[in-house]
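A.B. asks: Pasting in a structure now, in structure tokens, and then I'll have a few things to ask.
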Amino acid sequence: MTPDIAIIGGGLTGAVSALKAKEQGKEVLLVRMAWGATALGSGGFDVAGDILRIPGREWEDSLDIAKNIAEICRRTPQHPYSLVGEEIHPLIKNKGEWFFGLLREQGYEMKGSWEKNAVFPTALGTLRATAFSLGSLSNGNILEMKGARVLCLGISGLSDFNSGFLTRSLYEKLKGTPLEWKKAESGDLPLKGWIGSTKNPAGELSSQSAAMALDESDIFSSFVESVEKKTKGDGYSHILFPPVLGVSRWKENISALEKATGARCAEVFPLSPSIPGMRFQRVVDSLLGKTGINVIQGTVTGCTHNGRRVTGLRVIKQVTEEPLAAGSYILASGRFVGGGIKAYGRAFAEEIFGLSLISQETSMSTGVRVNPAMSPCDEAGGVLYGNLFCAGSVIGGYDPAHEMCGSGVALLTGVLAGENAVRNL
Ligand SMILES: Cc1cc2nc3c(=O)[nH]c(=O)nc-3n(C[C@H](O)[C@H](O)[C@H](O)COP(=O)(O)OP(=O)(O)OC[C@H]3O[C@@H](n4cnc5c(N)ncnc54)[C@H](O)[C@@H]3O)c2cc1C
């Protein structure tokens, strides 16, 4: 059966567009090569970070999301927030409540605020602002840890987490500020029963392997026992862990640790590859499945068109190429990590449709040029294909790492592309 809408890309953006189109009763087919940048994300949902921050000044001054959005729009007229032109802050909040409601139905609670960013420690010992985060990370908001007695607890042999370094750098960063901690200590505990077990014969201890180990109830029980023993009587108010407390059982595991220690427990924000990113992508995938959206694994290599209308896609599934036709199309293929934009030295290309790109002052904001309806257009604003819409990080004109707006743009443009693709049928 020919779908009403075909979507290229299965990260956050593709999923949001698919859910929006499906909600309006349309038949949706989503094609994706693999997981993209969404699965590498930190578990933080960035809407508009701290671009107003002034070195040496307190965080509080720069955490207002509406003010950060206004500043982004002032500085970058090509930014998707600027293009949409409406009051962006209430619009994102409205679309975000809808999407978070769907996630909540899957048992996945995003914690945070649409008004003010929270600030979290990362595994590198730096601090990072974001609007929302997973429950397992959210207790680590340093704005709520003033005067805390903190233990940073690592896992012996886990190479990408150094509890001593992390503790020292966070303590030093906060010292002398209103957010200073009362005490900060560190330690490491072994993951008993994992190295050399039948499930891990190679004896590997990467973040992924540690997270898999902590999904095993016997290994986790013995870990909780060691944590309880280590913390008993020391009066810690907060315990920070590496972001590996289970791939699937992280919610139950955090609750068990809080119950055993009486302290607030949190994972710090990860390096890549990211277990919280994988968890987020898995919940998004399960939402697509439960909503009845057809997802196929394949690579879209090109398109057919009749003048300014796309008439079909060429999709390689395993080794065979098959045509795919739909009424409208959405390109949500990501940027460099997802694969939507290719870099050849200093030249960049979108290769499925050959769309016109914006190359800003840094390659980090390179991507497809769109108009406010999310239609791809040329430099003069002429629409290239009437039934194609673009969304998320394949769009140019913004830098998610600098403006810290990756998920906000994915959400907003994903919804708009989904709505406009339906309207266009
Ligand atoms: C390392 C990293 C970490 C980040 N961390 C955060 C964070 O913590 N918080 C945050 O808010 N933002 C973060 N971002 C920004 C992030 O990119 C966006 O928030 C958002 O997740 C992007 O989603 P997307 O769906 O547009 O792209 P992606 O998630 O990259 O998805 C692109 C999809 O398109 C598919 N695809 C591409 N080409 C084809 C093709 N030819 N055929 C079929 N399928 C194709 C890919 O397989 C993939 O499924 C991060 C970005 C990076 C690179």
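Labeling convention for the structure tokens: chains A, B, ... as they appear, residues from 1 per chain, ligands from 1 in order of appearance.
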Using only C-alpha atoms and all ligand atoms, find each protein or nucleic acid residue lying at most 6 Å from ligand 1; present the set as a PyMOL selection string.

C.D. replies: chain A and resi 8-14+31-38+40-46+298-301+332-334+337-340+392-393+400+405-407+410

A.B. asks: If you count only C-alpha atoms, which residues fall within 9 Å of Thr130 of chain A, apart from same-chain ones fewer than 6 positions away, as a list in words?

C.D. replies: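 Counting only C-alpha atoms, the residues come to Gly44, Phe45, Asp46, Val47, Ala48, Gly49, Asp50, Leu63, Gly112, Lys116, Asn117, Ala118, Val119, Phe120, Met404 and Cys405 of chain A.
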
A.B. asks: Hey, what's within 10 Å of Gly157 of chain A if we count only C-alpha atoms and toss same-chain stuff fewer than 5 positions away? As a list in words, please?

C.D. replies: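 Skipping anything fewer than 5 positions along the chain leaves Asn162, Asp188, Leu189, Pro190, Leu191, Ile195, Glu204, Leu205, Ser206 and Ala210 of chain A.
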
A.B. asks: For Arg279 of chain A, list every protein, DNA or RNA residue within 12 Å, evaluated using only C-alpha atoms, and leave out those in the same chain fewer than 6 positions away; present the list as a list in words.

C.D. replies: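 Here the answer would be Trp35, Thr38, Ala39, Leu40, Gly41, Ser42, Gly43, Gly44, Tyr108, Ser133, Leu134, Gly135, Ser136, Gln208, Ala211, Pro243, Val244, Leu245, Gly246, Val247, Ser248, Arg249, Trp250, Lys251, Pro273, Asp285 and Ser286 of chain A.
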
A.B. asks: Output the selection as an mmCIF file, in the first residue's frame - N, CA and C atoms for each residue.

C.D. replies:
data_model
loop_
_atom_site.group_PDB
_atom_site.id
_atom_site.type_symbol
_atom_site.label_atom_id
_atom_site.label_comp_id
_atom_site.auth_asym_id
_atom_site.auth_seq_id
_atom_site.Cartn_x
_atom_site.Cartn_y
_atom_site.Cartn_z
ATOM 1 N N TRP A 35 20.518 4.221 13.775
ATOM 2 C CA TRP A 35 20.386 5.291 14.750
ATOM 3 C C TRP A 35 21.356 6.415 14.360
ATOM 4 N N THR A 38 20.683 11.343 17.653
ATOM 5 C CA THR A 38 19.775 11.277 18.809
ATOM 6 C C THR A 38 20.255 10.226 19.817
ATOM 7 N N ALA A 39 20.726 9.088 19.294
ATOM 8 C CA ALA A 39 21.166 8.010 20.186
ATOM 9 C C ALA A 39 22.520 8.312 20.835
ATOM 10 N N LEU A 40 23.197 9.361 20.341
ATOM 11 C CA LEU A 40 24.477 9.751 20.953
ATOM 12 C C LEU A 40 24.289 10.894 21.950
ATOM 13 N N GLY A 41 23.074 11.425 22.014
ATOM 14 C CA GLY A 41 22.795 12.583 22.875
ATOM 15 C C GLY A 41 22.993 12.237 24.344
ATOM 16 N N SER A 42 22.987 13.273 25.151
ATOM 17 C CA SER A 42 23.330 13.098 26.564
ATOM 18 C C SER A 42 22.146 12.686 27.419
ATOM 19 N N GLY A 43 20.933 12.725 26.862
ATOM 20 C CA GLY A 43 19.746 12.534 27.711
ATOM 21 C C GLY A 43 19.215 13.897 28.150
ATOM 22 N N GLY A 44 19.908 14.972 27.769
ATOM 23 C CA GLY A 44 19.422 16.328 28.038
ATOM 24 C C GLY A 44 18.631 16.815 26.836
ATOM 25 N N TYR A 108 8.076 7.154 30.448
ATOM 26 C CA TYR A 108 9.344 7.866 30.341
ATOM 27 C C TYR A 108 9.103 9.331 30.691
ATOM 28 N N SER A 133 15.695 16.727 31.377
ATOM 29 C CA SER A 133 16.568 15.552 31.342
ATOM 30 C C SER A 133 15.797 14.353 31.865
ATOM 31 N N LEU A 134 16.403 13.223 31.643
ATOM 32 C CA LEU A 134 15.852 11.977 32.150
ATOM 33 C C LEU A 134 15.829 11.980 33.667
ATOM 34 N N GLY A 135 14.885 11.236 34.237
ATOM 35 C CA GLY A 135 14.830 11.111 35.695
ATOM 36 C C GLY A 135 16.158 10.727 36.312
ATOM 37 N N SER A 136 16.905 9.838 35.672
ATOM 38 C CA SER A 136 18.149 9.338 36.272
ATOM 39 C C SER A 136 19.226 10.412 36.352
ATOM 40 N N GLN A 208 28.983 0.694 27.960
ATOM 41 C CA GLN A 208 27.879 -0.157 27.509
ATOM 42 C C GLN A 208 27.869 -1.482 28.256
ATOM 43 N N ALA A 211 26.638 -0.936 31.790
ATOM 44 C CA ALA A 211 25.176 -0.723 31.833
ATOM 45 C C ALA A 211 24.439 -2.047 31.638
ATOM 46 N N PRO A 243 27.037 7.437 34.113
ATOM 47 C CA PRO A 243 25.723 7.244 33.481
ATOM 48 C C PRO A 243 25.593 5.858 32.865
ATOM 49 N N VAL A 244 25.665 4.845 33.722
ATOM 50 C CA VAL A 244 25.637 3.454 33.240
ATOM 51 C C VAL A 244 24.748 2.582 34.128
ATOM 52 N N LEU A 245 23.785 3.184 34.802
ATOM 53 C CA LEU A 245 23.005 2.403 35.779
ATOM 54 C C LEU A 245 21.917 1.565 35.102
ATOM 55 N N GLY A 246 22.279 0.850 34.056
ATOM 56 C CA GLY A 246 21.345 -0.028 33.347
ATOM 57 C C GLY A 246 20.939 0.562 32.012
ATOM 58 N N VAL A 247 20.824 -0.306 31.008
ATOM 59 C CA VAL A 247 20.293 0.138 29.713
ATOM 60 C C VAL A 247 18.770 0.194 29.823
ATOM 61 N N SER A 248 18.174 -0.834 30.434
ATOM 62 C CA SER A 248 16.713 -0.893 30.531
ATOM 63 C C SER A 248 16.199 -0.604 31.940
ATOM 64 N N ARG A 249 16.926 -1.064 32.961
ATOM 65 C CA ARG A 249 16.367 -1.030 34.328
ATOM 66 C C ARG A 249 16.796 0.202 35.123
ATOM 67 N N TRP A 250 17.207 1.271 34.414
ATOM 68 C CA TRP A 250 17.773 2.422 35.116
ATOM 69 C C TRP A 250 16.821 3.064 36.110
ATOM 70 N N LYS A 251 15.522 3.078 35.799
ATOM 71 C CA LYS A 251 14.580 3.744 36.725
ATOM 72 C C LYS A 251 14.492 2.984 38.049
ATOM 73 N N PRO A 273 30.103 6.901 23.454
ATOM 74 C CA PRO A 273 28.695 6.614 23.251
ATOM 75 C C PRO A 273 27.932 6.746 24.562
ATOM 76 N N ASP A 285 11.672 4.701 19.771
ATOM 77 C CA ASP A 285 11.362 3.563 18.887
ATOM 78 C C ASP A 285 10.129 2.810 19.377
ATOM 79 N N SER A 286 10.054 2.634 20.684
ATOM 80 C CA SER A 286 8.899 1.862 21.186
ATOM 81 C C SER A 286 7.607 2.674 20.989
#

A.B. asks: From a backbone DSSP assignment, name each residue in segment 232-380 of chain A labelled alpha helix (DSSP H), as a PyMOL selection string.

C.D. replies: chain A and resi 250-261+275-290

A.B. asks: Atoms to include: N, CA and C atoms. Write the selected residues as a PDB file, in the first residue's frame.

C.D. replies:
ATOM      1  N   TRP A 250      17.207   1.271  34.414  1.00  0.00           N
ATOM      2  CA  TRP A 250      17.773   2.422  35.116  1.00  0.00           C
ATOM      3  C   TRP A 250      16.821   3.064  36.110  1.00  0.00           C
ATOM      4  N   LYS A 251      15.522   3.078  35.799  1.00  0.00           N
ATOM      5  CA  LYS A 251      14.580   3.744  36.725  1.00  0.00           C
ATOM      6  C   LYS A 251      14.492   2.984  38.049  1.00  0.00           C
ATOM      7  N   GLU A 252      14.307   1.670  37.925  1.00  0.00           N
ATOM      8  CA  GLU A 252      14.223   0.826  39.118  1.00  0.00           C
ATOM      9  C   GLU A 252      15.542   0.893  39.894  1.00  0.00           C
ATOM     10  N   ASN A 253      16.657   0.913  39.157  1.00  0.00           N
ATOM     11  CA  ASN A 253      17.964   0.917  39.819  1.00  0.00           C
ATOM     12  C   ASN A 253      18.201   2.200  40.620  1.00  0.00           C
ATOM     13  N   ILE A 254      17.846   3.332  40.044  1.00  0.00           N
ATOM     14  CA  ILE A 254      18.018   4.610  40.767  1.00  0.00           C
ATOM     15  C   ILE A 254      17.164   4.589  42.040  1.00  0.00           C
ATOM     16  N   SER A 255      15.917   4.128  41.916  1.00  0.00           N
ATOM     17  CA  SER A 255      15.041   4.097  43.102  1.00  0.00           C
ATOM     18  C   SER A 255      15.649   3.202  44.166  1.00  0.00           C
ATOM     19  N   ALA A 256      16.168   2.035  43.779  1.00  0.00           N
ATOM     20  CA  ALA A 256      16.740   1.104  44.755  1.00  0.00           C
ATOM     21  C   ALA A 256      17.956   1.733  45.445  1.00  0.00           C
ATOM     22  N   LEU A 257      18.772   2.459  44.681  1.00  0.00           N
ATOM     23  CA  LEU A 257      19.957   3.093  45.280  1.00  0.00           C
ATOM     24  C   LEU A 257      19.544   4.188  46.262  1.00  0.00           C
ATOM     25  N   GLU A 258      18.500   4.950  45.902  1.00  0.00           N
ATOM     26  CA  GLU A 258      18.050   6.021  46.809  1.00  0.00           C
ATOM     27  C   GLU A 258      17.489   5.419  48.090  1.00  0.00           C
ATOM     28  N   LYS A 259      16.784   4.306  47.946  1.00  0.00           N
ATOM     29  CA  LYS A 259      16.195   3.655  49.120  1.00  0.00           C
ATOM     30  C   LYS A 259      17.304   3.110  50.026  1.00  0.00           C
ATOM     31  N   ALA A 260      18.322   2.525  49.412  1.00  0.00           N
ATOM     32  CA  ALA A 260      19.400   1.902  50.204  1.00  0.00           C
ATOM     33  C   ALA A 260      20.273   2.944  50.899  1.00  0.00           C
ATOM     34  N   THR A 261      20.440   4.126  50.296  1.00  0.00           N
ATOM     35  CA  THR A 261      21.402   5.091  50.844  1.00  0.00           C
ATOM     36  C   THR A 261      20.742   6.281  51.542  1.00  0.00           C
ATOM     37  N   ILE A 275      24.813   5.996  27.102  1.00  0.00           N
ATOM     38  CA  ILE A 275      23.725   5.078  27.498  1.00  0.00           C
ATOM     39  C   ILE A 275      22.403   5.862  27.617  1.00  0.00           C
ATOM     40  N   PRO A 276      22.377   7.066  28.255  1.00  0.00           N
ATOM     41  CA  PRO A 276      21.110   7.823  28.279  1.00  0.00           C
ATOM     42  C   PRO A 276      20.583   8.131  26.866  1.00  0.00           C
ATOM     43  N   GLY A 277      21.492   8.402  25.915  1.00  0.00           N
ATOM     44  CA  GLY A 277      21.064   8.628  24.525  1.00  0.00           C
ATOM     45  C   GLY A 277      20.410   7.381  23.947  1.00  0.00           C
ATOM     46  N   MET A 278      21.013   6.231  24.212  1.00  0.00           N
ATOM     47  CA  MET A 278      20.437   4.968  23.731  1.00  0.00           C
ATOM     48  C   MET A 278      19.069   4.722  24.353  1.00  0.00           C
ATOM     49  N   ARG A 279      18.964   5.013  25.651  1.00  0.00           N
ATOM     50  CA  ARG A 279      17.660   4.813  26.324  1.00  0.00           C
ATOM     51  C   ARG A 279      16.594   5.674  25.661  1.00  0.00           C
ATOM     52  N   PHE A 280      16.961   6.939  25.370  1.00  0.00           N
ATOM     53  CA  PHE A 280      16.001   7.863  24.780  1.00  0.00           C
ATOM     54  C   PHE A 280      15.560   7.355  23.405  1.00  0.00           C
ATOM     55  N   GLN A 281      16.541   6.940  22.595  1.00  0.00           N
ATOM     56  CA  GLN A 281      16.195   6.450  21.253  1.00  0.00           C
ATOM     57  C   GLN A 281      15.321   5.196  21.346  1.00  0.00           C
ATOM     58  N   ARG A 282      15.595   4.350  22.320  1.00  0.00           N
ATOM     59  CA  ARG A 282      14.786   3.129  22.473  1.00  0.00           C
ATOM     60  C   ARG A 282      13.345   3.466  22.840  1.00  0.00           C
ATOM     61  N   VAL A 283      13.149   4.473  23.694  1.00  0.00           N
ATOM     62  CA  VAL A 283      11.774   4.844  24.056  1.00  0.00           C
ATOM     63  C   VAL A 283      11.058   5.435  22.838  1.00  0.00           C
ATOM     64  N   VAL A 284      11.787   6.262  22.080  1.00  0.00           N
ATOM     65  CA  VAL A 284      11.207   6.835  20.858  1.00  0.00           C
ATOM     66  C   VAL A 284      10.804   5.701  19.905  1.00  0.00           C
ATOM     67  N   ASP A 285      11.672   4.701  19.771  1.00  0.00           N
ATOM     68  CA  ASP A 285      11.362   3.563  18.887  1.00  0.00           C
ATOM     69  C   ASP A 285      10.129   2.810  19.377  1.00  0.00           C
ATOM     70  N   SER A 286      10.054   2.634  20.684  1.00  0.00           N
ATOM     71  CA  SER A 286       8.899   1.862  21.186  1.00  0.00           C
ATOM     72  C   SER A 286       7.607   2.674  20.989  1.00  0.00           C
ATOM     73  N   LEU A 287       7.716   4.000  21.081  1.00  0.00           N
ATOM     74  CA  LEU A 287       6.550   4.866  20.829  1.00  0.00           C
ATOM     75  C   LEU A 287       6.094   4.730  19.369  1.00  0.00           C
ATOM     76  N   LEU A 288       7.053   4.689  18.449  1.00  0.00           N
ATOM     77  CA  LEU A 288       6.712   4.527  17.026  1.00  0.00           C
ATOM     78  C   LEU A 288       5.991   3.193  16.824  1.00  0.00           C
ATOM     79  N   GLY A 289       6.538   2.143  17.447  1.00  0.00           N
ATOM     80  CA  GLY A 289       5.946   0.810  17.302  1.00  0.00           C
ATOM     81  C   GLY A 289       4.526   0.782  17.851  1.00  0.00           C
ATOM     82  N   LYS A 290       4.347   1.340  19.049  1.00  0.00           N
ATOM     83  CA  LYS A 290       3.021   1.279  19.693  1.00  0.00           C
ATOM     84  C   LYS A 290       1.991   2.124  18.946  1.00  0.00           C
TER      85      LYS A 290
END

A.B. asks: Name all residues at most 10 Å from Pro77 of chain A (count only C-alpha atoms; drop same-chain ones fewer than 5 positions away) and give them as a ChimeraX atom specification.

C.D. replies: /A:72,82-83,85,397-398

A.B. asks: Store the residues of this selection in a file with N, CA and C atoms, as a compact mmCIF listing (two decimals), in the first residue's frame.

C.D. replies:
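And here is the file that came out, part35.txt:
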# COMPACT_ATOMS: atom_id res chain seq x y z
N ILE A 72 18.96 34.18 20.53
CA ILE A 72 19.29 33.36 19.35
C ILE A 72 18.66 34.00 18.11
N SER A 82 14.06 31.65 14.29
CA SER A 82 13.79 32.97 13.71
C SER A 82 12.85 32.83 12.52
N LEU A 83 13.06 31.78 11.72
CA LEU A 83 12.26 31.61 10.51
C LEU A 83 10.79 31.47 10.81
N GLY A 85 8.98 32.60 13.06
CA GLY A 85 8.43 33.94 13.14
C GLY A 85 7.38 34.15 14.22
N GLY A 397 21.68 26.74 9.25
CA GLY A 397 21.42 28.05 9.84
C GLY A 397 21.48 28.06 11.36
N TYR A 398 21.80 26.92 11.96
CA TYR A 398 21.94 26.92 13.42
C TYR A 398 23.00 25.90 13.82

A.B. asks: Write down as a compact mmCIF listing (two decimals) with N, CA and C atoms, in the first residue's frame the residues belonging to segment 162-395 of chain A that are assigned strand (DSSP E) by DSSP computed on the backbone.

C.D. replies:
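Result file part-v9.txt:
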# COMPACT_ATOMS: atom_id res chain seq x y z
N LYS A 183 30.76 19.23 51.31
CA LYS A 183 31.83 18.23 51.25
C LYS A 183 31.75 17.48 49.94
N ALA A 184 32.89 17.03 49.45
CA ALA A 184 32.91 16.27 48.19
C ALA A 184 33.96 15.18 48.30
N GLU A 185 33.51 13.95 48.18
CA GLU A 185 34.44 12.81 48.27
C GLU A 185 34.20 11.89 47.09
N SER A 186 35.18 11.02 46.86
CA SER A 186 35.02 10.10 45.72
C SER A 186 35.45 8.70 46.12
N GLY A 187 35.06 7.75 45.31
CA GLY A 187 35.46 6.36 45.55
C GLY A 187 35.06 5.53 44.34
N ASP A 188 35.52 4.31 44.31
CA ASP A 188 35.17 3.38 43.23
C ASP A 188 34.78 2.04 43.85
N LEU A 189 33.82 1.39 43.20
CA LEU A 189 33.40 0.06 43.68
C LEU A 189 33.49 -0.92 42.52
N HIS A 238 23.92 13.66 48.47
CA HIS A 238 23.83 13.35 47.04
C HIS A 238 24.93 12.35 46.66
N ILE A 239 24.58 11.41 45.82
CA ILE A 239 25.61 10.51 45.27
C ILE A 239 25.54 10.57 43.75
N LEU A 240 26.68 10.87 43.15
CA LEU A 240 26.76 10.95 41.68
C LEU A 240 27.39 9.67 41.14
N PHE A 241 26.78 9.10 40.12
CA PHE A 241 27.27 7.85 39.52
C PHE A 241 27.63 8.09 38.05
N ARG A 264 20.00 11.50 47.58
CA ARG A 264 19.51 11.68 46.21
C ARG A 264 20.59 11.15 45.27
N CYS A 265 20.19 10.28 44.37
CA CYS A 265 21.17 9.66 43.48
C CYS A 265 20.95 10.15 42.06
N ALA A 266 22.04 10.39 41.35
CA ALA A 266 21.93 10.86 39.97
C ALA A 266 23.09 10.32 39.15
N GLU A 267 22.83 10.12 37.87
CA GLU A 267 23.92 9.86 36.94
C GLU A 267 24.42 11.23 36.45
N ASN A 294 4.91 2.35 10.60
CA ASN A 294 5.71 1.33 9.94
C ASN A 294 7.14 1.85 9.77
N VAL A 295 8.11 1.17 10.40
CA VAL A 295 9.52 1.59 10.28
C VAL A 295 10.27 0.52 9.50
N ILE A 296 10.94 0.92 8.43
CA ILE A 296 11.76 -0.07 7.72
C ILE A 296 13.23 0.38 7.72
N GLN A 297 14.10 -0.62 7.75
CA GLN A 297 15.52 -0.28 7.70
C GLN A 297 15.94 -0.24 6.24
N THR A 299 18.33 2.41 3.13
CA THR A 299 19.04 3.66 2.82
C THR A 299 18.42 4.28 1.58
N VAL A 300 17.99 5.52 1.72
CA VAL A 300 17.44 6.23 0.56
C VAL A 300 18.61 6.82 -0.21
N THR A 301 18.70 6.46 -1.50
CA THR A 301 19.87 6.91 -2.26
C THR A 301 19.53 8.02 -3.26
N GLY A 302 18.26 8.21 -3.55
CA GLY A 302 17.92 9.25 -4.51
C GLY A 302 16.42 9.36 -4.66
N CYS A 303 16.01 10.22 -5.60
CA CYS A 303 14.56 10.42 -5.78
C CYS A 303 14.21 10.49 -7.26
N THR A 304 12.93 10.34 -7.55
CA THR A 304 12.43 10.67 -8.89
C THR A 304 11.50 11.86 -8.71
N HIS A 305 11.40 12.68 -9.73
CA HIS A 305 10.50 13.83 -9.58
C HIS A 305 9.91 14.22 -10.93
N ASN A 306 8.80 14.90 -10.84
CA ASN A 306 8.15 15.41 -12.03
C ASN A 306 8.04 16.91 -11.82
N ARG A 309 7.53 18.31 -8.14
CA ARG A 309 6.93 17.34 -7.23
C ARG A 309 7.79 16.08 -7.16
N VAL A 310 8.06 15.65 -5.94
CA VAL A 310 8.78 14.38 -5.78
C VAL A 310 7.78 13.26 -6.08
N THR A 311 8.18 12.31 -6.91
CA THR A 311 7.25 11.22 -7.24
C THR A 311 7.66 9.90 -6.59
N GLY A 312 8.88 9.82 -6.11
CA GLY A 312 9.28 8.57 -5.46
C GLY A 312 10.69 8.64 -4.91
N LEU A 313 11.03 7.63 -4.10
CA LEU A 313 12.38 7.51 -3.54
C LEU A 313 13.00 6.21 -4.02
N ARG A 314 14.31 6.19 -4.09
CA ARG A 314 15.00 4.91 -4.33
C ARG A 314 15.55 4.45 -2.98
N VAL A 315 15.15 3.25 -2.58
CA VAL A 315 15.55 2.77 -1.25
C VAL A 315 16.31 1.46 -1.40
N ILE A 316 17.48 1.41 -0.79
CA ILE A 316 18.21 0.13 -0.79
C ILE A 316 17.92 -0.57 0.52
N LYS A 317 17.28 -1.76 0.38
CA LYS A 317 17.03 -2.58 1.57
C LYS A 317 17.96 -3.77 1.45
N THR A 320 19.05 -4.97 -2.27
CA THR A 320 18.21 -4.67 -3.44
C THR A 320 17.64 -3.26 -3.38
N GLU A 321 17.52 -2.67 -4.55
CA GLU A 321 16.95 -1.32 -4.59
C GLU A 321 15.46 -1.42 -4.92
N GLU A 322 14.64 -0.69 -4.13
CA GLU A 322 13.19 -0.72 -4.38
C GLU A 322 12.68 0.72 -4.46
N PRO A 323 11.68 0.96 -5.31
CA PRO A 323 11.10 2.30 -5.34
C PRO A 323 10.10 2.46 -4.20
N LEU A 324 9.93 3.67 -3.75
CA LEU A 324 8.93 3.94 -2.70
C LEU A 324 8.22 5.24 -3.08
N SER A 328 3.31 12.83 0.29
CA SER A 328 4.28 13.85 0.70
C SER A 328 5.50 13.16 1.30
N TYR A 329 6.59 13.93 1.37
CA TYR A 329 7.85 13.36 1.86
C TYR A 329 8.44 14.30 2.92
N ILE A 330 9.07 13.69 3.92
CA ILE A 330 9.76 14.51 4.94
C ILE A 330 11.21 14.04 5.01
N LEU A 331 12.12 15.00 4.90
CA LEU A 331 13.55 14.69 5.03
C LEU A 331 13.98 15.05 6.45
N LYS A 342 26.62 15.51 3.69
CA LYS A 342 27.95 14.91 3.48
C LYS A 342 28.97 16.04 3.35
N ALA A 343 30.14 15.80 3.93
CA ALA A 343 31.23 16.78 3.81
C ALA A 343 32.32 16.21 2.92
N TYR A 344 32.72 16.99 1.91
CA TYR A 344 33.84 16.61 1.05
C TYR A 344 34.86 17.73 1.16
N ALA A 347 33.58 21.28 1.01
CA ALA A 347 32.29 21.34 0.30
C ALA A 347 31.28 20.41 0.98
N PHE A 348 30.03 20.80 0.93
CA PHE A 348 28.98 20.03 1.61
C PHE A 348 27.85 19.73 0.62
N ALA A 349 27.15 18.61 0.88
CA ALA A 349 26.06 18.26 -0.05
C ALA A 349 24.95 17.50 0.65
N LEU A 357 22.01 24.44 0.08
CA LEU A 357 22.46 24.48 1.48
C LEU A 357 22.80 25.89 1.94
N ILE A 358 22.66 26.08 3.25
CA ILE A 358 23.20 27.29 3.89
C ILE A 358 24.53 26.87 4.47
N GLY A 367 23.57 23.23 6.44
CA GLY A 367 22.42 22.35 6.24
C GLY A 367 21.48 22.94 5.22
N VAL A 368 20.36 22.26 5.02
CA VAL A 368 19.41 22.63 3.96
C VAL A 368 18.76 23.99 4.26
N LEU A 388 7.73 18.22 -0.52
CA LEU A 388 8.84 17.78 0.34
C LEU A 388 9.03 18.79 1.47
N PHE A 389 9.20 18.28 2.69
CA PHE A 389 9.43 19.15 3.85
C PHE A 389 10.67 18.63 4.59
N CYS A 390 11.39 19.55 5.20
CA CYS A 390 12.63 19.17 5.89
C CYS A 390 12.52 19.53 7.37

A.B. asks: Using only C-alpha atoms, which of the listed residues (A:Ile69, A:Ala202, A:Ile142, A:Ile155) sits closest to Pro178 of chain A?

C.D. replies: A:Ile142

A.B. asks: Counting only C-alpha atoms, which residue out of A:Trp181, A:Thr366, A:Asp64, A:Cys377 sits closest to Phe353 of chain A?

C.D. replies: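 So, comparing all the options, the nearest one is A:Cys377.
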
A.B. asks: Could you check the closest approach to Met212 of chain A for each of A:Asn200, A:Glu403, A:Thr126, A:Leu102 and tell me which residue wins, using only C-alpha atoms?

C.D. replies: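 Once distances to Met212 of chain A are computed over only C-alpha atoms, the minimum belongs to A:Asn200.
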